[in-house]
Structures are given as structure tokens and as C-alpha cells.
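So this one's structure-v6.txt, compact mmCIF, C-alpha atoms:
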# COMPACT_ATOMS: atom_id res chain seq x y z
CA MET A 411 -17.38 -72.35 31.66
CA THR A 412 -17.43 -73.94 35.06
CA SER A 413 -15.74 -76.96 36.57
CA LEU A 414 -17.91 -80.04 36.70
CA GLU A 415 -19.49 -81.96 39.51
CA TYR A 416 -20.22 -84.96 37.27
CA SER A 417 -17.93 -87.80 36.22
CA ILE A 418 -17.15 -88.73 32.63
CA GLU A 419 -19.27 -91.86 33.11
CA ASP A 420 -22.25 -89.68 34.15
CA LEU A 421 -22.00 -87.73 30.90
CA LEU A 422 -20.83 -90.17 28.21
CA PRO A 423 -22.04 -93.67 27.30
CA HIS A 424 -18.54 -94.77 26.18
CA ARG A 425 -16.66 -97.41 28.18
CA ASN A 426 -13.47 -99.44 28.06
CA GLY A 427 -11.45 -99.07 24.85
CA MET A 428 -13.80 -96.52 23.25
CA LEU A 429 -13.65 -93.99 26.10
CA LEU A 430 -10.77 -91.75 25.02
CA ILE A 431 -11.38 -88.75 27.28
CA GLU A 432 -9.54 -89.04 30.60
CA GLU A 433 -10.43 -85.74 32.22
CA ILE A 434 -12.97 -82.97 31.83
CA LEU A 435 -11.11 -79.70 32.36
CA GLU A 436 -14.08 -77.36 31.87
CA GLY A 437 -17.61 -77.68 30.66
CA ASP A 438 -21.11 -76.36 30.42
CA GLN A 439 -24.01 -76.97 28.05
CA LYS A 440 -22.40 -74.86 25.29
CA ALA A 441 -18.70 -75.77 25.36
CA ALA A 442 -16.26 -78.19 26.97
CA VAL A 443 -12.53 -78.79 27.27
CA SER A 444 -11.13 -82.30 27.70
CA ARG A 445 -7.79 -84.02 28.21
CA ALA A 446 -6.91 -87.34 26.58
CA VAL A 447 -3.61 -89.21 26.58
CA VAL A 448 -2.80 -91.37 23.55
CA ASN A 449 -2.18 -95.01 24.47
CA GLU A 450 -1.70 -98.35 22.75
CA ASN A 451 -5.32 -99.41 23.42
CA TRP A 452 -6.77 -96.64 21.27
CA PRO A 453 -8.42 -97.40 17.94
CA LEU A 454 -6.13 -96.85 14.92
CA CYS A 455 -2.98 -97.56 16.97
CA ASP A 456 -0.18 -99.44 15.20
CA GLY A 457 1.75 -100.02 18.44
CA LEU A 458 3.78 -96.81 18.19
CA ARG A 459 1.47 -94.15 16.81
CA VAL A 460 -2.23 -93.42 16.36
CA ASN A 461 -3.68 -92.12 13.10
CA SER A 462 -4.88 -88.52 13.48
CA LEU A 463 -8.38 -89.57 12.35
CA VAL A 464 -8.93 -90.50 16.00
CA LEU A 465 -9.23 -86.76 16.69
CA ILE A 466 -12.74 -86.96 15.23
CA GLU A 467 -13.80 -89.29 18.06
CA VAL A 468 -12.02 -87.14 20.65
CA ALA A 469 -13.96 -84.12 19.33
CA ALA A 470 -17.24 -86.05 19.44
CA GLN A 471 -16.66 -87.21 23.01
CA THR A 472 -15.72 -83.69 24.09
CA ALA A 473 -18.94 -82.42 22.49
CA GLY A 474 -20.75 -85.23 24.30
CA ILE A 475 -19.85 -83.59 27.60
CA CYS A 476 -22.09 -80.65 26.67
CA ALA A 477 -24.88 -82.96 25.54
CA GLY A 478 -24.57 -84.97 28.78
CA LEU A 479 -24.86 -81.83 30.89
CA ALA A 480 -27.95 -80.74 28.94
CA ARG A 481 -29.48 -84.21 29.40
CA ILE A 482 -28.90 -84.12 33.16
CA ARG A 483 -30.36 -80.63 33.42
CA GLU A 484 -33.48 -81.57 31.44
CA ARG A 485 -34.11 -85.17 32.56
CA GLY A 486 -31.94 -85.87 35.60
CA LEU A 487 -28.73 -87.75 36.38
CA ASP A 488 -30.23 -91.23 36.03
CA SER A 489 -31.88 -90.57 32.65
CA ASP A 490 -31.04 -92.69 29.60
CA LYS A 491 -27.92 -91.71 27.69
CA LYS A 492 -29.37 -91.70 24.19
CA SER A 493 -26.89 -91.89 21.35
CA TRP A 494 -26.28 -89.20 18.77
CA LEU A 495 -25.83 -89.77 15.06
CA VAL A 496 -22.73 -87.75 14.18
CA GLY A 497 -21.56 -86.62 10.77
CA ILE A 498 -18.30 -84.94 9.87
CA LYS A 499 -18.92 -81.60 8.21
CA ARG A 500 -15.26 -80.68 7.89
CA SER A 501 -11.95 -81.87 9.30
CA ARG A 502 -8.40 -80.66 9.00
CA PHE A 503 -5.42 -82.49 10.44
CA TYR A 504 -2.05 -80.83 10.85
CA VAL A 505 -0.24 -84.07 11.72
CA ALA A 506 -0.54 -87.52 10.15
CA SER A 507 -0.37 -89.32 13.48
CA LEU A 508 -0.04 -88.86 17.21
CA SER A 509 2.63 -90.45 19.37
CA LEU A 510 1.92 -92.68 22.33
CA ASN A 511 1.63 -90.60 25.53
CA ASP A 512 0.82 -87.37 23.66
CA THR A 513 -1.58 -85.32 25.77
CA ILE A 514 -4.41 -83.91 23.66
CA ILE A 515 -6.41 -80.92 24.90
CA THR A 516 -9.63 -80.52 22.93
CA ARG A 517 -12.15 -77.70 23.06
CA ALA A 518 -15.56 -78.31 21.49
CA GLU A 519 -18.30 -75.71 21.22
CA ASN A 520 -21.87 -75.91 20.01
CA SER A 521 -21.87 -73.28 17.26
CA PHE A 522 -25.53 -73.92 16.38
CA GLU A 523 -28.37 -75.73 18.16
CA TYR A 524 -31.96 -76.40 17.19
CA GLU A 525 -34.10 -78.98 18.97
CA GLY A 526 -32.21 -82.29 18.60
CA TYR A 527 -29.63 -80.94 16.12
CA ARG A 528 -26.21 -79.44 16.90
CA GLN A 529 -23.32 -78.16 14.88
CA ILE A 530 -20.05 -78.41 16.79
CA ALA A 531 -16.64 -76.80 16.18
CA SER A 532 -13.57 -78.26 17.88
CA THR A 533 -9.84 -77.69 18.08
CA SER A 534 -7.33 -80.22 19.43
CA ARG A 535 -3.84 -79.31 20.62
CA VAL A 536 -0.75 -81.17 21.74
CA GLY A 537 1.16 -78.64 23.78
CA SER A 538 0.75 -75.30 22.00
CA LYS A 539 0.50 -76.93 18.54
CA VAL A 540 -2.90 -77.27 16.89
CA VAL A 541 -3.06 -80.86 15.59
CA GLY A 542 -6.62 -80.92 14.31
CA GLU A 543 -9.83 -78.99 13.72
CA VAL A 544 -13.11 -80.81 13.33
CA GLU A 545 -16.65 -79.60 12.64
CA LEU A 546 -19.39 -82.07 13.44
CA GLN A 547 -23.13 -82.23 12.86
CA ALA A 548 -25.06 -84.25 15.41
CA ILE A 549 -28.68 -85.26 15.65
CA GLN A 550 -30.40 -87.13 18.41
CA ALA A 551 -33.33 -89.28 17.36
CA ASP A 552 -36.45 -89.24 19.50
CA THR A 553 -36.26 -92.96 20.26
CA ASP A 554 -39.36 -92.79 22.47
CA HIS A 555 -41.45 -92.75 19.26
CA LEU A 556 -39.64 -95.46 17.29

Please express what this file holds, its structure, as C-alpha cells.
Amino acid sequence: MTSLEYSIEDLLPHRNGMLLIEEILEGDQKAAVSRAVVNENWPLCDGLRVNSLVLIEVAAQTAGICAGLARIRERGLDSDKKSWLVGIKRSRFYVASLSLNDTIITRAENSFEYEGYRQIASTSRVGSKVVGEVELQAIQADTDHL
């Protein structure tokens, strides 16, 4: 993987409270590594902790880095950021919740790709501890024909 010349905003459509990724550590069209820091503005936060289900969204956004790079390569930087319909194939959480200020490092990799379909495997860590593993299935509709 290589370091990136694009910003998070170039690659992902998320903004404000739904953008959980703070930094792209590595990325290419096949795999990406992100850094996110848990804060009180995150979804599923009770003021002290965040439910570990949020790791699904962190995995999806990390996978979105790869999709964003592919989009830029194929259609250019200013092309539309079309949304993906994402399903959870499998998830396993090793903690019930995450503490405020936990730093989450997530690696997501496209394990299978065919046309507008991807299967993605991800692992999230806090320090050296694996806190979650998520497998996603994503499909991008051809909205030009709808």
C-alpha cells in the first residue's frame, strides 16, 4: 500500500457527525488502514462509552477509501461520490463498548470484487488488542440508469 495524496473528503461522502475516520494511514484500491478516535459526538455514544456496533461503520468508511481511490482513478477527482449499499455478512466484537478517546486502527481489504460488488474483510484494533472483525458486502447501483 502507498501513502495517499487525497484527503478524506476527496474519498468519502461522509461529513460532520457521520465522518468517523480522522486519518488515512495507508491505502490503495485493494486495502486501506485508517485511524479514528472515539469521541462524544459519535453515534451510539452514551456520554462515556460508544457501543462496539460503531465498528461496522468504521469498517465501511475504511473500505470506502479503496472505493474512493478506484472512483478517482476511473472517473477523476471531481466525479460524483455515489453511495454503496452495504450489508453485514459477519461481525464479531471482542468488547461491548469503546471508551472515549480510544484510538481505533482499522484495516479493510477487498477480498472479492466483481463489477459493482465487493466483499470486504476488516479488523479493528485499540492498541495491540483486536476489538472487532467485520465482513461486509457492498454493491454500488448504476444510478445513471435509474

- Message: For a test of reading the model, state the distance in Å between CA of Ile466 in chain A and CA of Ser509 in chain A, rounded to one decimal.
- Response: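 Distance between the two atoms: 16.3 Å.
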
- Expressed in Å to a single decimal, how great is the separation between CA of Ala480 in chain A and CA of Leu463 in chain A?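 Between CA of Ala480 in chain A and CA of Leu463 in chain A the gap works out to 27.1 Å.
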
- Task: Rank A:Lys440, A:His424, A:Arg528, A:Arg445 by their smallest atom-to-atom distance to Lys491 in chain A, using all atoms listed in the file, and report the top residue only.
- Result: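 Nearest to Lys491 in chain A: A:His424.
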
- For Val541 in chain A, which of A:Arg502, A:Arg425, A:Arg517, A:Arg483 is the closest residue, counting all atoms listed in the file? A:Arg502

- Figure out the distance between CA of Glu545 in chain A and CA of Ile498 in chain A, please, to one decimal in Å.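 For CA of Ile498 in chain A relative to CA of Glu545 in chain A, the distance reads 6.2 Å.
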
So that I can check the surroundings of Ala518 in chain A, please list as a short mmCIF file (atom, residue, chain, number, x, y, z; two decimals) with C-alpha atoms, in the frame of the given file every protein, DNA and RNA residue that reaches within 6 Å of it, counting all atoms listed in the file and ignoring chain neighbours fewer than 5 positions away.
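File selection-v8.cif, as written:
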data_model
loop_
_atom_site.label_atom_id
_atom_site.label_comp_id
_atom_site.auth_asym_id
_atom_site.auth_seq_id
_atom_site.Cartn_x
_atom_site.Cartn_y
_atom_site.Cartn_z
CA ALA A 441 -18.70 -75.77 25.36
CA ALA A 442 -16.26 -78.19 26.97
CA THR A 472 -15.72 -83.69 24.09
CA ALA A 473 -18.94 -82.42 22.49
CA ALA A 531 -16.64 -76.80 16.18
CA SER A 532 -13.57 -78.26 17.88
#

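Distance cut-off 9 Å, centre (-9.9, -91.7, 27.9), atoms counted all atoms listed in the file; the residues meeting this are Arg425, Asn426, Gly427, Met428, Leu429, Leu430, Ile431, Glu432, Glu433, Arg445, Ala446, Val447, Val448, Trp452 and Val468 of chain A.
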
- Message: Using only C-alpha atoms, which protein or nucleic acid residues come within 10 Å of Val496 in chain A? Drop anything in the same chain fewer than 3 positions from it, and give the result as number ranges by chain.
- Response: A: 467, 470, 493, 499, 527-529, 546-550

- Item | Nearest to Leu508 in chain A by atom-to-atom distance, counting all atoms listed in the file, from A:Val460, A:Ala477, A:Ile530, A:Leu421 | A:Val460

- Would you kindly return, as a PyMOL selection string, each protein, DNA or RNA residue with an atom no farther than 10 Å from any atom of Leu414 in chain A, considering all atoms listed in the file and excluding same-chain residues fewer than 5 positions away? chain A and resi 434-438+475+479

- Item | Counting all atoms listed in the file, the residue of A:Gly478, A:Glu523, A:Pro453, A:Ser507 that sits nearest Ser417 in chain A | A:Gly478

- Task: Would you list the residues near (0.5, -88.8, 9.5), meaning any protein, DNA or RNA residue with an atom at most 7 Å from that point in file coordinates, counting all atoms listed in the file, as number ranges by chain?
- Result: A: 461-462, 505-507

- Message: I'd like to know which of A:Gln439, A:Ser538, A:Thr533, A:Asn449 is closest to Arg500 in chain A, using only C-alpha atoms.
- Response: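 With only C-alpha atoms as the atom set, the closest residue is A:Thr533.
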
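Minimum distance to Phe503 in chain A across A:Ser521, A:Ser534, A:Gln471, A:Ser444 (counting only C-alpha atoms) occurs at A:Ser534.
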
Hey, could you patch up range 527-546 of chain A with N, CA and C atoms and hand it over as a PDB file, in the frame of the given file?
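What follows is the written file result-v1.pdb:
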ATOM      1  N   TYR A 527     -30.735 -81.078  17.067  1.00  0.00           N
ATOM      2  CA  TYR A 527     -29.630 -80.940  16.120  1.00  0.00           C
ATOM      3  C   TYR A 527     -28.583 -79.983  16.693  1.00  0.00           C
ATOM      4  N   ARG A 528     -27.304 -80.318  16.486  1.00  0.00           N
ATOM      5  CA  ARG A 528     -26.210 -79.440  16.900  1.00  0.00           C
ATOM      6  C   ARG A 528     -25.125 -79.437  15.835  1.00  0.00           C
ATOM      7  N   GLN A 529     -24.529 -78.268  15.674  1.00  0.00           N
ATOM      8  CA  GLN A 529     -23.320 -78.160  14.880  1.00  0.00           C
ATOM      9  C   GLN A 529     -22.212 -77.795  15.861  1.00  0.00           C
ATOM     10  N   ILE A 530     -21.103 -78.501  15.788  1.00  0.00           N
ATOM     11  CA  ILE A 530     -20.050 -78.410  16.790  1.00  0.00           C
ATOM     12  C   ILE A 530     -18.722 -78.088  16.106  1.00  0.00           C
ATOM     13  N   ALA A 531     -17.978 -77.131  16.666  1.00  0.00           N
ATOM     14  CA  ALA A 531     -16.640 -76.800  16.180  1.00  0.00           C
ATOM     15  C   ALA A 531     -15.646 -77.184  17.277  1.00  0.00           C
ATOM     16  N   SER A 532     -14.564 -77.854  16.878  1.00  0.00           N
ATOM     17  CA  SER A 532     -13.570 -78.260  17.880  1.00  0.00           C
ATOM     18  C   SER A 532     -12.154 -78.022  17.379  1.00  0.00           C
ATOM     19  N   THR A 533     -11.277 -77.825  18.341  1.00  0.00           N
ATOM     20  CA  THR A 533      -9.840 -77.690  18.080  1.00  0.00           C
ATOM     21  C   THR A 533      -9.106 -78.562  19.073  1.00  0.00           C
ATOM     22  N   SER A 534      -8.151 -79.357  18.569  1.00  0.00           N
ATOM     23  CA  SER A 534      -7.330 -80.220  19.430  1.00  0.00           C
ATOM     24  C   SER A 534      -5.883 -79.738  19.347  1.00  0.00           C
ATOM     25  N   ARG A 535      -5.228 -79.741  20.520  1.00  0.00           N
ATOM     26  CA  ARG A 535      -3.840 -79.310  20.620  1.00  0.00           C
ATOM     27  C   ARG A 535      -3.010 -80.352  21.350  1.00  0.00           C
ATOM     28  N   VAL A 536      -1.756 -80.450  20.961  1.00  0.00           N
ATOM     29  CA  VAL A 536      -0.750 -81.170  21.740  1.00  0.00           C
ATOM     30  C   VAL A 536       0.275 -80.100  22.090  1.00  0.00           C
ATOM     31  N   GLY A 537       0.364 -79.785  23.371  1.00  0.00           N
ATOM     32  CA  GLY A 537       1.160 -78.640  23.780  1.00  0.00           C
ATOM     33  C   GLY A 537       0.515 -77.389  23.198  1.00  0.00           C
ATOM     34  N   SER A 538       1.298 -76.521  22.602  1.00  0.00           N
ATOM     35  CA  SER A 538       0.750 -75.300  22.000  1.00  0.00           C
ATOM     36  C   SER A 538       0.409 -75.488  20.519  1.00  0.00           C
ATOM     37  N   LYS A 539       0.707 -76.673  19.969  1.00  0.00           N
ATOM     38  CA  LYS A 539       0.500 -76.930  18.540  1.00  0.00           C
ATOM     39  C   LYS A 539      -0.909 -77.449  18.261  1.00  0.00           C
ATOM     40  N   VAL A 540      -1.606 -76.777  17.348  1.00  0.00           N
ATOM     41  CA  VAL A 540      -2.900 -77.270  16.890  1.00  0.00           C
ATOM     42  C   VAL A 540      -2.636 -78.490  16.007  1.00  0.00           C
ATOM     43  N   VAL A 541      -3.254 -79.626  16.372  1.00  0.00           N
ATOM     44  CA  VAL A 541      -3.060 -80.860  15.590  1.00  0.00           C
ATOM     45  C   VAL A 541      -4.278 -81.214  14.749  1.00  0.00           C
ATOM     46  N   GLY A 542      -5.434 -80.632  15.089  1.00  0.00           N
ATOM     47  CA  GLY A 542      -6.620 -80.920  14.310  1.00  0.00           C
ATOM     48  C   GLY A 542      -7.766 -79.982  14.608  1.00  0.00           C
ATOM     49  N   GLU A 543      -8.591 -79.748  13.581  1.00  0.00           N
ATOM     50  CA  GLU A 543      -9.830 -78.990  13.720  1.00  0.00           C
ATOM     51  C   GLU A 543     -10.928 -79.818  13.082  1.00  0.00           C
ATOM     52  N   VAL A 544     -12.021 -79.972  13.805  1.00  0.00           N
ATOM     53  CA  VAL A 544     -13.110 -80.810  13.330  1.00  0.00           C
ATOM     54  C   VAL A 544     -14.428 -80.083  13.539  1.00  0.00           C
ATOM     55  N   GLU A 545     -15.274 -80.093  12.512  1.00  0.00           N
ATOM     56  CA  GLU A 545     -16.650 -79.600  12.640  1.00  0.00           C
ATOM     57  C   GLU A 545     -17.572 -80.796  12.481  1.00  0.00           C
ATOM     58  N   LEU A 546     -18.457 -80.949  13.434  1.00  0.00           N
ATOM     59  CA  LEU A 546     -19.390 -82.070  13.440  1.00  0.00           C
ATOM     60  C   LEU A 546     -20.820 -81.583  13.349  1.00  0.00           C
TER      61      LEU A 546
END
